[in-house]
>>> print(open('structure.cif').read())   # mmCIF, C-alpha atoms
data_model
#
loop_
_atom_site.label_atom_id
_atom_site.label_comp_id
_atom_site.auth_asym_id
_atom_site.auth_seq_id
_atom_site.Cartn_x
_atom_site.Cartn_y
_atom_site.Cartn_z
CA MET U 1 155.32 59.42 137.21
CA LYS U 2 155.27 58.11 133.65
CA VAL U 3 152.19 58.63 131.51
CA PHE U 4 151.81 55.99 128.83
CA GLU U 5 148.43 57.05 127.49
CA PHE U 6 145.90 59.80 128.17
CA ASN U 7 143.17 59.44 125.58
CA ILE U 8 139.89 61.14 126.46
CA GLY U 9 138.31 60.09 123.17
CA LYS U 10 138.83 56.38 123.87
CA GLY U 11 138.42 56.73 127.63
CA ILE U 12 141.77 55.09 128.42
CA TYR U 13 144.37 56.49 130.84
CA SER U 14 147.55 54.59 131.70
CA PHE U 15 150.45 55.59 133.92
CA GLU U 16 153.12 54.29 136.27
CA LEU U 17 154.16 55.61 139.66
CA GLU U 18 155.59 54.53 143.02
CA GLY U 19 155.48 55.49 146.67
CA ILE U 20 151.85 56.63 146.62
CA GLU U 21 149.13 56.65 149.27
CA THR U 22 145.68 58.08 148.58
CA GLU U 23 142.68 59.20 150.56
CA PHE U 24 139.27 57.64 149.94
CA HIS U 25 138.09 58.73 146.50
CA SER U 26 136.00 57.66 143.51
CA HIS U 27 135.87 58.38 139.79
CA PRO U 28 133.74 57.27 136.80
CA ALA U 29 136.34 54.87 135.44
CA ILE U 30 137.23 51.26 136.16
CA GLU U 31 140.69 51.24 137.72
CA VAL U 32 143.18 48.41 137.22
CA ILE U 33 146.25 48.32 139.48
CA LEU U 34 149.25 46.10 138.75
CA ALA U 35 152.30 45.88 141.02
CA GLU U 36 155.54 45.95 139.09
CA ASN U 37 157.48 45.27 142.26
CA GLY U 38 156.45 44.92 145.88
CA GLU U 39 152.85 44.74 147.10
CA PHE U 40 150.08 47.24 147.73
CA SER U 41 146.85 47.34 149.72
CA ILE U 42 143.35 48.58 148.94
CA ALA U 43 140.85 49.79 151.52
CA THR U 44 137.14 49.91 150.72
CA GLU U 45 134.24 50.92 152.92
CA LYS U 46 133.97 47.23 153.93
CA GLY U 47 137.57 46.58 154.91
CA VAL U 48 141.24 46.40 153.92
CA HIS U 49 142.78 44.01 151.37
CA PRO U 50 146.56 43.74 151.94
CA ASN U 51 149.47 42.08 150.09
CA LEU U 52 148.11 42.54 146.58
CA ASN U 53 149.83 42.67 143.23
CA PHE U 54 146.65 42.89 141.15
CA ALA U 55 143.35 44.65 141.80
CA ILE U 56 140.41 46.05 139.87
CA ILE U 57 138.07 48.71 141.25
CA GLY U 58 134.71 49.32 139.59
CA ALA U 59 133.62 52.78 138.46
CA ASN U 60 132.32 55.21 141.10
CA LEU U 61 133.35 53.01 144.04
CA LYS U 62 135.15 54.58 146.98
CA HIS U 63 138.57 53.16 147.69
CA LYS U 64 141.95 54.00 149.15
CA LEU U 65 145.28 52.83 147.74
CA SER U 66 148.51 52.37 149.70
CA ALA U 67 151.63 51.57 147.65
CA LEU U 68 154.34 53.29 149.66
CA ASN U 69 156.98 50.63 148.95
CA CYS U 70 155.74 49.52 145.58
CA ALA U 71 155.97 50.54 141.92
CA ILE U 72 152.56 50.20 140.26
CA LYS U 73 150.95 50.58 136.88
CA ILE U 74 147.43 52.00 136.83
CA ILE U 75 145.06 51.74 133.89
CA MET U 76 141.72 53.55 133.96
CA VAL U 77 138.94 52.71 131.52
CA GLU U 78 135.67 54.61 131.26
CA HIS U 79 132.50 54.19 129.16
CA HIS U 80 132.99 50.44 128.62
CA ASN U 81 131.83 48.87 131.89
CA SER U 82 129.78 46.00 130.44
CA PHE U 83 132.47 45.15 127.89
CA VAL U 84 135.19 45.15 130.55
CA VAL U 85 133.15 42.96 132.94
CA SER U 86 132.39 40.52 130.11
CA CYS U 87 136.03 40.27 128.95
CA LEU U 88 137.30 39.78 132.49
CA SER U 89 134.69 37.11 133.14
CA GLN U 90 136.07 35.10 130.21
CA ALA U 91 139.45 35.19 131.98
CA SER U 92 137.85 33.98 135.25
CA ILE U 93 138.04 37.44 136.80
CA ASP U 94 134.71 38.29 138.43
CA LEU U 95 133.99 42.02 138.67
CA HIS U 96 130.21 41.74 139.09
CA LYS U 97 130.45 42.81 142.75
CA GLY U 98 132.53 45.84 141.81
CA TYR U 99 135.93 44.76 143.15
CA PHE U 100 138.50 42.09 142.36
CA PHE U 101 141.54 41.50 144.56
CA ASP U 102 144.16 38.84 143.98
CA PRO U 103 147.82 38.23 144.91
CA THR U 104 148.10 36.50 141.55
CA ASP U 105 150.65 36.10 138.79
CA TYR U 106 151.57 39.53 137.38
CA LYS U 107 152.33 38.31 133.87
CA ARG U 108 148.94 36.62 133.41
CA SER U 109 147.07 39.62 134.83
CA SER U 110 149.02 42.03 132.67
CA ASN U 111 148.31 40.02 129.51
CA VAL U 112 144.57 39.95 130.23
CA ILE U 113 144.41 43.71 130.80
CA ASN U 114 146.59 44.55 127.80
CA SER U 115 144.32 42.48 125.56
CA LEU U 116 141.24 44.23 126.90
CA VAL U 117 142.72 47.70 126.40
CA HIS U 118 143.89 46.79 122.91
CA SER U 119 140.32 45.81 121.98
CA ILE U 120 138.98 49.19 123.11
CA GLN U 121 141.78 51.12 121.40
CA ASN U 122 140.95 49.40 118.12
CA GLY U 123 137.24 50.12 118.32
CA HIS U 124 136.08 46.59 119.10
CA ALA U 125 133.75 47.92 121.81
CA ALA U 126 131.39 50.88 121.65
CA PRO U 127 130.23 52.76 124.75
CA GLU U 128 127.06 51.13 126.01
CA TYR U 129 125.20 54.35 126.83
CA ASP U 130 122.01 55.78 125.39
CA GLU U 131 122.88 57.87 122.31
CA ARG U 132 121.79 61.07 124.09
CA VAL U 133 124.14 60.27 126.97
CA ARG U 134 127.01 59.54 124.55
CA ASN U 135 126.38 62.89 122.87
CA THR U 136 126.32 64.59 126.28
CA ILE U 137 129.66 63.05 127.27
CA ASP U 138 131.22 63.97 123.93
CA PHE U 139 130.06 67.56 124.43
CA LEU U 140 131.37 67.75 128.00
CA ASN U 141 134.73 66.37 126.91
CA THR U 142 135.14 68.94 124.14
CA HIS U 143 133.66 72.16 125.60
CA ASP U 144 134.51 74.29 128.62
CA LEU U 145 131.24 75.42 130.22
CA GLU U 146 129.96 76.36 133.64
CA TYR U 147 127.27 74.14 135.16
CA GLY U 148 124.35 76.50 134.46
CA GLN U 149 125.38 77.06 130.84
CA MET U 150 126.03 73.37 130.42
CA LEU U 151 122.55 72.30 131.47
CA GLN U 152 120.82 74.75 129.15
CA THR U 153 122.97 73.72 126.22
CA LEU U 154 122.69 69.97 126.86
CA CYS U 155 118.91 70.12 127.28
CA ALA U 156 118.68 71.85 123.90
CA ILE U 157 121.02 69.33 122.25
CA SER U 158 119.27 66.26 123.71
CA ASN U 159 115.74 67.66 123.50
CA LEU U 160 115.19 66.56 127.10
CA SER U 161 114.14 68.44 130.21
CA GLU U 162 116.75 69.09 132.89
CA SER U 163 115.27 66.48 135.23
CA ARG U 164 114.94 63.83 132.50
CA LEU U 165 118.48 64.40 131.21
CA SER U 166 119.92 64.28 134.74
CA HIS U 167 118.08 61.03 135.50
CA LEU U 168 119.06 59.39 132.20
CA PHE U 169 122.70 60.42 132.59
CA LYS U 170 123.03 59.05 136.13
CA SER U 171 121.20 55.81 135.33
CA ASN U 172 123.61 55.20 132.43
CA THR U 173 126.89 56.30 133.99
CA GLY U 174 126.35 55.96 137.74
CA ILE U 175 127.41 59.57 138.32
CA SER U 176 125.59 62.90 138.32
CA LEU U 177 126.01 65.40 135.50
CA LYS U 178 127.44 67.92 137.94
CA ARG U 179 130.10 65.53 139.21
CA TYR U 180 130.93 64.34 135.70
CA LEU U 181 131.52 67.96 134.71
CA ILE U 182 134.23 68.12 137.40
CA TRP U 183 135.77 64.92 135.99
CA ALA U 184 135.69 66.40 132.48
CA LYS U 185 137.43 69.56 133.71
CA LEU U 186 140.11 67.50 135.44
CA LYS U 187 140.77 65.53 132.27
CA ALA U 188 140.92 68.73 130.22
CA THR U 189 143.43 70.24 132.66
CA ILE U 190 145.67 67.17 132.56
CA ARG U 191 145.42 66.94 128.75
CA ARG U 192 146.46 70.58 128.36
CA PHE U 193 149.31 70.12 130.81
CA LEU U 194 150.56 66.99 129.03
CA ASN U 195 149.89 67.68 125.37
CA ASP U 196 149.73 71.47 125.02
CA HIS U 197 152.57 72.06 127.51
CA ASP U 198 150.58 74.69 129.41
CA ASP U 199 151.74 75.36 132.95
CA LEU U 200 149.37 73.87 135.52
CA PHE U 201 147.77 77.17 136.58
CA THR U 202 147.02 78.20 132.99
CA ALA U 203 145.69 74.72 132.20
CA LEU U 204 143.29 74.61 135.16
CA LEU U 205 141.93 78.11 134.51
CA THR U 206 141.45 77.39 130.80
CA SER U 207 139.60 74.18 131.71
CA GLY U 208 137.05 76.00 133.87
CA PHE U 209 138.36 75.83 137.44
CA TYR U 210 138.00 79.07 139.41
CA ASP U 211 141.42 78.89 141.07
CA GLN U 212 144.07 76.53 142.43
CA PRO U 213 142.09 75.53 145.59
CA HIS U 214 139.03 74.66 143.48
CA PHE U 215 141.20 72.43 141.29
CA SER U 216 142.97 70.85 144.28
CA ARG U 217 139.70 69.93 146.02
CA SER U 218 138.35 68.35 142.84
CA PHE U 219 141.62 66.48 142.19
CA ARG U 220 141.64 65.00 145.70
CA SER U 221 137.96 64.05 145.52
CA MET U 222 138.38 62.18 142.23
CA LEU U 223 141.97 60.87 142.50
CA GLY U 224 142.66 60.77 146.22
CA VAL U 225 145.87 62.82 146.33
CA LYS U 226 146.93 66.44 146.24
CA PRO U 227 147.87 67.63 142.74
CA SER U 228 151.41 68.28 143.98
CA LYS U 229 151.84 64.54 144.58
CA ALA U 230 151.48 64.00 140.84
CA TYR U 231 152.73 67.24 139.36
CA ASN U 232 155.89 67.50 141.44
CA SER U 233 157.03 64.43 139.54
CA ARG U 234 158.05 64.78 135.93
CA PHE U 235 155.46 63.50 133.46
CA VAL U 236 156.89 61.42 130.63
CA GLN U 237 154.72 60.73 127.58
CA VAL U 238 156.51 57.52 126.63
CA SER U 239 154.03 56.03 124.16
CA GLY U 240 153.38 59.14 122.10
CA THR U 241 149.63 58.57 122.44
CA ARG U 242 147.78 61.84 122.52
CA ASN U 243 144.15 62.62 123.08
CA GLN U 244 141.95 62.61 120.00
#
>>> encode(input="structure.cif", output="structure tokens")
Amino acid sequence: MKVFEFNIGKGIYSFELEGIETEFHSHPAIEVILAENGEFSIATEKGVHPNLNFAIIGANLKHKLSALNCAIKIIMVEHHNSFVVSCLSQASIDLHKGYFFDPTDYKRSSNVINSLVHSIQNGHAAPEYDERVRNTIDFLNTHDLEYGQMLQTLCAISNLSESRLSHLFKSNTGISLKRYLIWAKLKATIRRFLNDHDDLFTALLTSGFYDQPHFSRSFRSMLGVKPSKAYNSRFVQVSGTRNQ
């Protein structure tokens, strides 16, 4: 696996891999999949879409990827759903129903996605959340807390009750605070493994997971594969982009 970018601050994660098959999973990021050779298939709860070389999956939507004989590039974007949908619409790519599947021209698709990512990287789009939700996400992405501690701290920071904060967060992001905390811990673990050169066990403990099984369950739930499927391959930070 090659990691091109893993930037928690911008909410952009880009990598390349091949010979992968996932379980059903979901995560709070829009996922773009581009075949660099061969074809892949995507299964949703409504059916299977075979023979693809370009697909987009909306945030928090369950899906299963099969690319056993295919090299693919995956780009994940979080916090910019409305901006992404709007930009894609201008390129005649309709994501309003949550999914887009097309055995289309790779070069055109790649150019559209690269332009979109470039706009986010350069600050041309701000996260569309309520300011209190943005502050909550920033806090979760920069602090290692248990769920109970997190709620108390976030309620104090936002000046909202637990129930009001939980409702506001889910209505903005489409995911519960508790599940987003797991996502934040996963990102922190991967960032430490990539950028700080911690071994995986040290990285996951530092990021708030109880043990290896706790991390593995969370990894599979969010990303659809066992951690060993990713970490047994050598990570290569080819772009030099590091989390801010």
>>> resolve_selection(input="structure.cif", expression="the PyMOL selection byres ((chain U and resi 107-114) around 9)", output="ChimeraX atom specification")
/U:32,34,54,75,87-88,91,104-106,115-119
>>> atom_distance(input="structure.cif", atom1="CA of Leu154 in chain U", atom2="CA of Arg191 in chain U")
23.0 Å
>>> atom_distance(input="structure.cif", atom1="CA of Leu177 in chain U", atom2="CA of Ile12 in chain U")
20.1 Å
>>> residues_around(input="structure.cif", residues="Asp130 in chain U", least_positions_apart="6", cutoff="10 Å", atoms="all atoms listed in the file", output="PyMOL selection string")
chain U and resi 136+168-169+171-173
>>> residues_around(input="structure.cif", residues="range 5-11 of chain U", least_positions_apart="3", cutoff="12 Å", atoms="only C-alpha atoms", output="PyMOL selection string")
chain U and resi 2+14-16+28-31+73-81+117-127+134+137-142+183-195+235-244
>>> atom_distance(input="structure.cif", atom1="CA of His27 in chain U", atom2="CA of Met150 in chain U")
20.2 Å
>>> resolve_selection(input="structure.cif", expression="the PyMOL selection byres ((chain U and resi 146) around 12)", output="PyMOL selection string")
chain U and resi 140+143-145+147-154+177-178+181-182+184-185+206-210
>>> axis_aligned_box(input="structure.cif", around="range 135-152 of chain U", padding_each_side="3 Å", output="JSON")
{"center_x": 128.0, "center_y": 70.0, "center_z": 129.0, "size_x": 20.3, "size_y": 20.2, "size_z": 18.3}
>>> resolve_selection(input="structure.cif", expression="the PyMOL selection byres ((chain U and resi 26) around 10)", output="list in words")
Glu23, Phe24, His25, His27, Pro28, Ala29, Ile30, Glu31, Ile57, Gly58, Ala59, Asn60, Leu61, Lys62, His63, Lys64, Arg220, Ser221, Met222, Leu223 and Gly224 of chain U
>>> closest_residue(input="structure.cif", among="U:Ile72, U:Leu205, U:Leu165, U:Ile20", to="Val225 in chain U", atoms="all atoms listed in the file")
U:Ile20
>>> closest_residue(input="structure.cif", among="U:Glu39, U:Glu162, U:Asp102, U:Asp94", to="Leu65 in chain U", atoms="all atoms listed in the file")
U:Glu39
>>> build_atoms(input="structure.cif", residues="range 187-212 of chain U", atoms="N, CA, C and O atoms", output="PDB file, in the coordinates of the input")
ATOM      1  N   LYS U 187     140.137  66.141 133.437  1.00  0.00           N
ATOM      2  CA  LYS U 187     140.770  65.530 132.270  1.00  0.00           C
ATOM      3  C   LYS U 187     141.285  66.598 131.312  1.00  0.00           C
ATOM      4  O   LYS U 187     142.379  66.465 130.748  1.00  0.00           O
ATOM      5  N   ALA U 188     140.494  67.654 131.123  1.00  0.00           N
ATOM      6  CA  ALA U 188     140.920  68.730 130.220  1.00  0.00           C
ATOM      7  C   ALA U 188     142.179  69.414 130.742  1.00  0.00           C
ATOM      8  O   ALA U 188     143.089  69.753 129.971  1.00  0.00           O
ATOM      9  N   THR U 189     142.243  69.617 132.061  1.00  0.00           N
ATOM     10  CA  THR U 189     143.430  70.240 132.660  1.00  0.00           C
ATOM     11  C   THR U 189     144.667  69.373 132.440  1.00  0.00           C
ATOM     12  O   THR U 189     145.724  69.857 132.017  1.00  0.00           O
ATOM     13  N   ILE U 190     144.539  68.079 132.721  1.00  0.00           N
ATOM     14  CA  ILE U 190     145.670  67.170 132.560  1.00  0.00           C
ATOM     15  C   ILE U 190     146.093  67.080 131.096  1.00  0.00           C
ATOM     16  O   ILE U 190     147.282  67.074 130.774  1.00  0.00           O
ATOM     17  N   ARG U 191     145.104  67.004 130.188  1.00  0.00           N
ATOM     18  CA  ARG U 191     145.420  66.940 128.750  1.00  0.00           C
ATOM     19  C   ARG U 191     146.203  68.172 128.317  1.00  0.00           C
ATOM     20  O   ARG U 191     147.209  68.070 127.599  1.00  0.00           O
ATOM     21  N   ARG U 192     145.767  69.352 128.748  1.00  0.00           N
ATOM     22  CA  ARG U 192     146.460  70.580 128.360  1.00  0.00           C
ATOM     23  C   ARG U 192     147.863  70.624 128.935  1.00  0.00           C
ATOM     24  O   ARG U 192     148.805  71.086 128.294  1.00  0.00           O
ATOM     25  N   PHE U 193     147.998  70.139 130.166  1.00  0.00           N
ATOM     26  CA  PHE U 193     149.310  70.120 130.810  1.00  0.00           C
ATOM     27  C   PHE U 193     150.258  69.160 130.074  1.00  0.00           C
ATOM     28  O   PHE U 193     151.434  69.470 129.847  1.00  0.00           O
ATOM     29  N   LEU U 194     149.734  68.001 129.685  1.00  0.00           N
ATOM     30  CA  LEU U 194     150.560  66.990 129.030  1.00  0.00           C
ATOM     31  C   LEU U 194     150.843  67.309 127.563  1.00  0.00           C
ATOM     32  O   LEU U 194     151.984  67.255 127.110  1.00  0.00           O
ATOM     33  N   ASN U 195     149.775  67.600 126.826  1.00  0.00           N
ATOM     34  CA  ASN U 195     149.890  67.680 125.370  1.00  0.00           C
ATOM     35  C   ASN U 195     150.141  69.078 124.836  1.00  0.00           C
ATOM     36  O   ASN U 195     150.817  69.245 123.826  1.00  0.00           O
ATOM     37  N   ASP U 196     149.569  70.088 125.502  1.00  0.00           N
ATOM     38  CA  ASP U 196     149.730  71.470 125.020  1.00  0.00           C
ATOM     39  C   ASP U 196     150.860  72.187 125.735  1.00  0.00           C
ATOM     40  O   ASP U 196     151.178  73.331 125.406  1.00  0.00           O
ATOM     41  N   HIS U 197     151.424  71.517 126.760  1.00  0.00           N
ATOM     42  CA  HIS U 197     152.570  72.060 127.510  1.00  0.00           C
ATOM     43  C   HIS U 197     152.234  73.380 128.211  1.00  0.00           C
ATOM     44  O   HIS U 197     153.113  74.218 128.439  1.00  0.00           O
ATOM     45  N   ASP U 198     150.942  73.552 128.568  1.00  0.00           N
ATOM     46  CA  ASP U 198     150.580  74.690 129.410  1.00  0.00           C
ATOM     47  C   ASP U 198     151.130  74.456 130.810  1.00  0.00           C
ATOM     48  O   ASP U 198     151.263  73.311 131.262  1.00  0.00           O
ATOM     49  N   ASP U 199     151.432  75.545 131.541  1.00  0.00           N
ATOM     50  CA  ASP U 199     151.740  75.360 132.950  1.00  0.00           C
ATOM     51  C   ASP U 199     150.442  74.996 133.659  1.00  0.00           C
ATOM     52  O   ASP U 199     149.336  75.224 133.151  1.00  0.00           O
ATOM     53  N   LEU U 200     150.542  74.403 134.846  1.00  0.00           N
ATOM     54  CA  LEU U 200     149.370  73.870 135.520  1.00  0.00           C
ATOM     55  C   LEU U 200     148.323  74.936 135.797  1.00  0.00           C
ATOM     56  O   LEU U 200     147.122  74.709 135.588  1.00  0.00           O
ATOM     57  N   PHE U 201     148.738  76.119 136.239  1.00  0.00           N
ATOM     58  CA  PHE U 201     147.770  77.170 136.580  1.00  0.00           C
ATOM     59  C   PHE U 201     146.997  77.617 135.340  1.00  0.00           C
ATOM     60  O   PHE U 201     145.776  77.759 135.374  1.00  0.00           O
ATOM     61  N   THR U 202     147.689  77.810 134.244  1.00  0.00           N
ATOM     62  CA  THR U 202     147.020  78.200 132.990  1.00  0.00           C
ATOM     63  C   THR U 202     146.074  77.097 132.536  1.00  0.00           C
ATOM     64  O   THR U 202     144.938  77.362 132.120  1.00  0.00           O
ATOM     65  N   ALA U 203     146.516  75.844 132.643  1.00  0.00           N
ATOM     66  CA  ALA U 203     145.690  74.720 132.200  1.00  0.00           C
ATOM     67  C   ALA U 203     144.412  74.605 133.013  1.00  0.00           C
ATOM     68  O   ALA U 203     143.329  74.378 132.465  1.00  0.00           O
ATOM     69  N   LEU U 204     144.484  74.769 134.331  1.00  0.00           N
ATOM     70  CA  LEU U 204     143.290  74.610 135.160  1.00  0.00           C
ATOM     71  C   LEU U 204     142.313  75.764 134.961  1.00  0.00           C
ATOM     72  O   LEU U 204     141.091  75.563 134.959  1.00  0.00           O
ATOM     73  N   LEU U 205     142.821  76.978 134.768  1.00  0.00           N
ATOM     74  CA  LEU U 205     141.930  78.110 134.510  1.00  0.00           C
ATOM     75  C   LEU U 205     141.244  77.968 133.153  1.00  0.00           C
ATOM     76  O   LEU U 205     140.033  78.209 133.012  1.00  0.00           O
ATOM     77  N   THR U 206     141.995  77.576 132.142  1.00  0.00           N
ATOM     78  CA  THR U 206     141.450  77.390 130.800  1.00  0.00           C
ATOM     79  C   THR U 206     140.373  76.308 130.800  1.00  0.00           C
ATOM     80  O   THR U 206     139.401  76.379 130.038  1.00  0.00           O
ATOM     81  N   SER U 207     140.527  75.315 131.663  1.00  0.00           N
ATOM     82  CA  SER U 207     139.600  74.180 131.710  1.00  0.00           C
ATOM     83  C   SER U 207     138.365  74.454 132.557  1.00  0.00           C
ATOM     84  O   SER U 207     137.490  73.589 132.659  1.00  0.00           O
ATOM     85  N   GLY U 208     138.283  75.621 133.182  1.00  0.00           N
ATOM     86  CA  GLY U 208     137.050  76.000 133.870  1.00  0.00           C
ATOM     87  C   GLY U 208     137.092  75.987 135.383  1.00  0.00           C
ATOM     88  O   GLY U 208     136.063  76.213 136.029  1.00  0.00           O
ATOM     89  N   PHE U 209     138.262  75.728 135.989  1.00  0.00           N
ATOM     90  CA  PHE U 209     138.360  75.830 137.440  1.00  0.00           C
ATOM     91  C   PHE U 209     138.527  77.298 137.827  1.00  0.00           C
ATOM     92  O   PHE U 209     139.176  78.068 137.119  1.00  0.00           O
ATOM     93  N   TYR U 210     137.946  77.670 138.983  1.00  0.00           N
ATOM     94  CA  TYR U 210     138.000  79.070 139.410  1.00  0.00           C
ATOM     95  C   TYR U 210     139.404  79.484 139.828  1.00  0.00           C
ATOM     96  O   TYR U 210     139.853  80.590 139.542  1.00  0.00           O
ATOM     97  N   ASP U 211     140.093  78.569 140.537  1.00  0.00           N
ATOM     98  CA  ASP U 211     141.420  78.890 141.070  1.00  0.00           C
ATOM     99  C   ASP U 211     142.098  77.580 141.479  1.00  0.00           C
ATOM    100  O   ASP U 211     141.540  76.491 141.326  1.00  0.00           O
ATOM    101  N   GLN U 212     143.301  77.704 142.017  1.00  0.00           N
ATOM    102  CA  GLN U 212     144.070  76.530 142.430  1.00  0.00           C
ATOM    103  C   GLN U 212     143.359  75.714 143.515  1.00  0.00           C
ATOM    104  O   GLN U 212     143.309  74.477 143.417  1.00  0.00           O
TER     105      GLN U 212
END
